[in-house]
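S.K.: Below you'll find model32.cif; it's mmCIF, C-alpha atoms.
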```
data_coords
#
loop_
_atom_site.label_atom_id
_atom_site.label_comp_id
_atom_site.auth_asym_id
_atom_site.auth_seq_id
_atom_site.Cartn_x
_atom_site.Cartn_y
_atom_site.Cartn_z
CA MET A 1 -76.78 -56.02 82.95
CA ALA A 2 -75.68 -59.51 84.05
CA LYS A 3 -72.01 -60.07 84.83
CA LYS A 4 -70.26 -62.21 82.23
CA ILE A 5 -68.44 -65.28 83.58
CA LEU A 6 -66.07 -67.33 81.41
CA VAL A 7 -65.75 -70.96 82.55
CA VAL A 8 -62.67 -72.74 81.16
CA ASP A 9 -62.68 -76.46 82.00
CA ASP A 10 -62.27 -79.65 79.98
CA ASP A 11 -64.84 -81.60 82.05
CA PRO A 12 -68.19 -81.36 80.21
CA VAL A 13 -70.18 -82.57 83.23
CA GLY A 14 -68.54 -80.03 85.53
CA VAL A 15 -69.03 -77.27 82.96
CA ALA A 16 -72.73 -78.13 82.58
CA LEU A 17 -73.19 -78.06 86.35
CA MET A 18 -71.32 -74.76 86.62
CA GLU A 19 -73.34 -73.23 83.78
CA GLY A 20 -76.62 -74.22 85.40
CA ARG A 21 -75.73 -72.81 88.81
CA LEU A 22 -74.28 -69.58 87.40
CA SER A 23 -77.25 -69.04 85.06
CA ARG A 24 -79.75 -69.58 87.88
CA ALA A 25 -77.82 -67.02 89.95
CA GLY A 26 -78.28 -64.46 87.17
CA TYR A 27 -74.85 -64.57 85.50
CA GLU A 28 -74.23 -64.73 81.77
CA THR A 29 -71.99 -67.73 81.15
CA LEU A 30 -69.44 -68.35 78.43
CA LEU A 31 -68.06 -71.88 78.15
CA ALA A 32 -64.67 -73.03 76.89
CA PHE A 33 -63.35 -76.58 77.04
CA ASN A 34 -59.62 -75.83 76.82
CA GLY A 35 -57.24 -72.94 77.36
CA GLU A 36 -56.88 -72.04 73.67
CA GLN A 37 -60.64 -71.76 73.25
CA GLY A 38 -60.85 -69.83 76.52
CA LEU A 39 -58.31 -67.25 75.30
CA LYS A 40 -60.27 -66.74 72.08
CA PHE A 41 -63.54 -66.27 73.96
CA ALA A 42 -61.92 -63.93 76.51
CA ARG A 43 -60.51 -61.68 73.79
CA VAL A 44 -63.85 -61.40 72.01
CA ASP A 45 -66.30 -61.40 74.92
CA GLN A 46 -64.32 -59.54 77.64
CA PRO A 47 -65.63 -61.46 80.69
CA ASP A 48 -66.03 -59.86 84.11
CA LEU A 49 -64.57 -62.94 85.82
CA ILE A 50 -62.94 -66.22 84.78
CA ILE A 51 -63.37 -69.60 86.46
CA LEU A 52 -60.40 -71.70 85.37
CA ASP A 53 -59.49 -75.37 85.69
CA VAL A 54 -55.78 -76.11 86.12
CA GLU A 55 -55.40 -79.47 84.42
CA MET A 56 -56.51 -79.33 80.80
CA PRO A 57 -55.14 -80.63 77.49
CA GLU A 58 -53.70 -78.30 74.86
CA MET A 59 -53.13 -75.42 77.30
CA ASN A 60 -53.22 -75.86 81.06
CA GLY A 61 -54.54 -73.28 83.49
CA TYR A 62 -51.11 -71.92 84.41
CA THR A 63 -50.27 -71.17 80.78
CA PHE A 64 -53.73 -69.68 80.25
CA LEU A 65 -53.16 -67.33 83.21
CA THR A 66 -49.76 -66.29 81.88
CA GLU A 67 -51.23 -65.52 78.45
CA ILE A 68 -54.32 -63.69 79.74
CA ARG A 69 -52.15 -61.38 81.86
CA LYS A 70 -50.27 -60.31 78.71
CA ILE A 71 -53.48 -58.91 77.16
CA GLU A 72 -54.01 -55.31 78.25
CA THR A 73 -57.82 -55.47 78.27
CA LEU A 74 -57.84 -58.74 80.24
CA LYS A 75 -54.88 -58.49 82.58
CA ASP A 76 -56.98 -57.29 85.53
CA VAL A 77 -59.93 -59.66 85.08
CA PRO A 78 -60.31 -61.65 88.31
CA VAL A 79 -59.73 -65.39 88.07
CA ILE A 80 -60.86 -68.21 90.36
CA VAL A 81 -58.77 -71.32 89.80
CA LEU A 82 -60.24 -74.82 90.24
CA THR A 83 -58.20 -77.89 91.08
CA ALA A 84 -58.90 -81.49 92.00
CA HIS A 85 -55.67 -81.62 94.01
CA GLU A 86 -55.62 -79.83 97.34
CA GLU A 87 -51.81 -79.98 97.43
CA ASN A 88 -51.73 -77.49 94.51
CA HIS A 89 -52.28 -74.65 97.00
CA LYS A 90 -48.49 -74.46 97.45
CA ILE A 91 -48.01 -73.96 93.71
CA PHE A 92 -50.78 -71.35 93.69
CA ALA A 93 -49.09 -69.40 96.48
CA ARG A 94 -45.81 -69.35 94.52
CA LYS A 95 -47.63 -68.11 91.42
CA GLY A 96 -49.59 -65.44 93.32
CA ILE A 97 -52.96 -67.15 92.88
CA ALA A 98 -55.11 -66.20 95.87
CA ASN A 99 -58.53 -67.27 94.64
CA TYR A 100 -58.90 -71.00 94.19
CA LEU A 101 -61.30 -73.79 95.05
CA ILE A 102 -60.87 -77.53 95.42
CA LYS A 103 -63.14 -79.73 93.29
CA PRO A 104 -65.87 -80.73 93.73
CA VAL A 105 -66.87 -77.09 93.91
CA ASN A 106 -68.73 -75.82 96.96
CA PHE A 107 -71.04 -73.32 95.25
CA GLU A 108 -71.69 -71.34 98.43
CA VAL A 109 -67.94 -70.67 98.72
CA LEU A 110 -67.66 -70.00 94.98
CA PHE A 111 -70.43 -67.39 95.06
CA LYS A 112 -68.84 -65.69 98.10
CA GLN A 113 -65.52 -65.44 96.25
CA MET A 114 -67.29 -64.17 93.15
CA ASP A 115 -69.15 -61.52 95.15
CA GLN A 116 -65.87 -60.31 96.69
CA LEU A 117 -64.10 -60.17 93.33
CA LEU A 118 -66.96 -58.54 91.47
CA GLY A 119 -67.60 -55.95 94.20
CA LYS A 120 -70.94 -57.26 95.42
CA SER A 121 -71.92 -57.31 99.08
#
```
Show me this structure written as structure tokens.
M.R.:
Amino acid sequence: MAKKILVVDDDPVGVALMEGRLSRAGYETLLAFNGEQGLKFARVDQPDLIILDVEMPEMNGYTFLTEIRKIETLKDVPVIVLTAHEENHKIFARKGIANYLIKPVNFEVLFKQMDQLLGKS
């Protein structure tokens, strides 16, 4: 069974690109365009991994992470955070976020992180 990946990002072009690459790699993709929608999808669909943008309207990535960690069935789901600002790595370190990528996404690096988090070789 294909691993289920939830992508939460307000950039429709980036989401379409991510969906295409993940689908071609054999993952089932779920797409949300803001944090609120992402939380709803996560509760219902129970993803194996979440790829999360930081800067979004309605609910940013930090708030999304805080909320997802309060949900017992989702608190241990691995998350890879995306940011357009390399300087955010200091904020990530303070918040305990170890898995992040700078946009534009290097898919080779993304897939390596995903493999590590999902227990693949």
S.K.: Please enumerate the residues selected by the PyMOL selection byres ((chain A and resi 81-93) around 10) when evaluated against the supplied file, formatted as a ChimeraX atom specification.
M.R.: /A:8-9,50-55,61-62,65,78-80,94-105
S.K.: Would you save the residues of that selection, restricted to C-alpha atoms, as an mmCIF file, keeping the file's coordinate frame?
M.R.:
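Saved as part-v2.cif:
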```cif
data_model
loop_
_atom_site.group_PDB
_atom_site.id
_atom_site.type_symbol
_atom_site.label_atom_id
_atom_site.label_comp_id
_atom_site.auth_asym_id
_atom_site.auth_seq_id
_atom_site.Cartn_x
_atom_site.Cartn_y
_atom_site.Cartn_z
ATOM 1 C CA VAL A 8 -62.670 -72.740 81.160
ATOM 2 C CA ASP A 9 -62.680 -76.460 82.000
ATOM 3 C CA ILE A 50 -62.940 -66.220 84.780
ATOM 4 C CA ILE A 51 -63.370 -69.600 86.460
ATOM 5 C CA LEU A 52 -60.400 -71.700 85.370
ATOM 6 C CA ASP A 53 -59.490 -75.370 85.690
ATOM 7 C CA VAL A 54 -55.780 -76.110 86.120
ATOM 8 C CA GLU A 55 -55.400 -79.470 84.420
ATOM 9 C CA GLY A 61 -54.540 -73.280 83.490
ATOM 10 C CA TYR A 62 -51.110 -71.920 84.410
ATOM 11 C CA LEU A 65 -53.160 -67.330 83.210
ATOM 12 C CA PRO A 78 -60.310 -61.650 88.310
ATOM 13 C CA VAL A 79 -59.730 -65.390 88.070
ATOM 14 C CA ILE A 80 -60.860 -68.210 90.360
ATOM 15 C CA ARG A 94 -45.810 -69.350 94.520
ATOM 16 C CA LYS A 95 -47.630 -68.110 91.420
ATOM 17 C CA GLY A 96 -49.590 -65.440 93.320
ATOM 18 C CA ILE A 97 -52.960 -67.150 92.880
ATOM 19 C CA ALA A 98 -55.110 -66.200 95.870
ATOM 20 C CA ASN A 99 -58.530 -67.270 94.640
ATOM 21 C CA TYR A 100 -58.900 -71.000 94.190
ATOM 22 C CA LEU A 101 -61.300 -73.790 95.050
ATOM 23 C CA ILE A 102 -60.870 -77.530 95.420
ATOM 24 C CA LYS A 103 -63.140 -79.730 93.290
ATOM 25 C CA PRO A 104 -65.870 -80.730 93.730
ATOM 26 C CA VAL A 105 -66.870 -77.090 93.910
#
```
S.K.: Given the file shown, enumerate the residues that the PyMOL selection byres ((chain A and resi 17-28) around 7) captures and present them as a ChimeraX atom specification.
M.R.: /A:2-5,13-16,29-30
S.K.: Between A:Lys75, A:Met56, A:Leu110, A:Thr66, single out the one closest to Arg43 in chain A, counting all atoms listed in the file.
M.R.: A:Lys75
S.K.: Evaluated on this file, the PyMOL selection byres ((chain A and resi 47) around 6) picks out some residues - which ones are they, written as a CSV table (one decimal) with C-alpha atoms, in the coordinates of the input?
M.R.:
```csv
chain,number,residue,atom,x,y,z
A,4,LYS,CA,-70.3,-62.2,82.2
A,5,ILE,CA,-68.4,-65.3,83.6
A,6,LEU,CA,-66.1,-67.3,81.4
A,45,ASP,CA,-66.3,-61.4,74.9
A,46,GLN,CA,-64.3,-59.5,77.6
A,48,ASP,CA,-66.0,-59.9,84.1
A,49,LEU,CA,-64.6,-62.9,85.8
```
S.K.: Please compute the CA of Asn60 in chain A-CA of Glu72 in chain A distance, one decimal, in Å.
M.R.: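 CA of Glu72 in chain A lies at a distance of 20.8 Å from CA of Asn60 in chain A.
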S.K.: Mind giving me the straight-line distance from CA of Ile71 in chain A to CA of Phe107 in chain A in Å, one decimal?
M.R.: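 Straight-line distance from CA of Ile71 in chain A to CA of Phe107 in chain A works out to 29.0 Å.
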S.K.: What does the distance between CA of Lys40 in chain A and CA of Asp76 in chain A come to in Å, to one decimal place?
M.R.: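 Pair CA of Lys40 in chain A / CA of Asp76 in chain A returns 16.8 Å.
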S.K.: Could you check the closest approach to Gly38 in chain A for each of A:Thr63, A:Val7, A:Val109, A:Arg69 and tell me which residue wins, using only C-alpha atoms?
M.R.: A:Val7
S.K.: Please give the centre and size of the box around range 78-90 of chain A (axis-aligned, containing every atom listed in the file, 3 Å added per side), with values in Å to one decimal and written as AutoDock Vina command-line options.
M.R.:
```
--center_x -54.7 --center_y -71.6 --center_z 92.8 --size_x 18.4 --size_y 26.0 --size_z 15.4
```
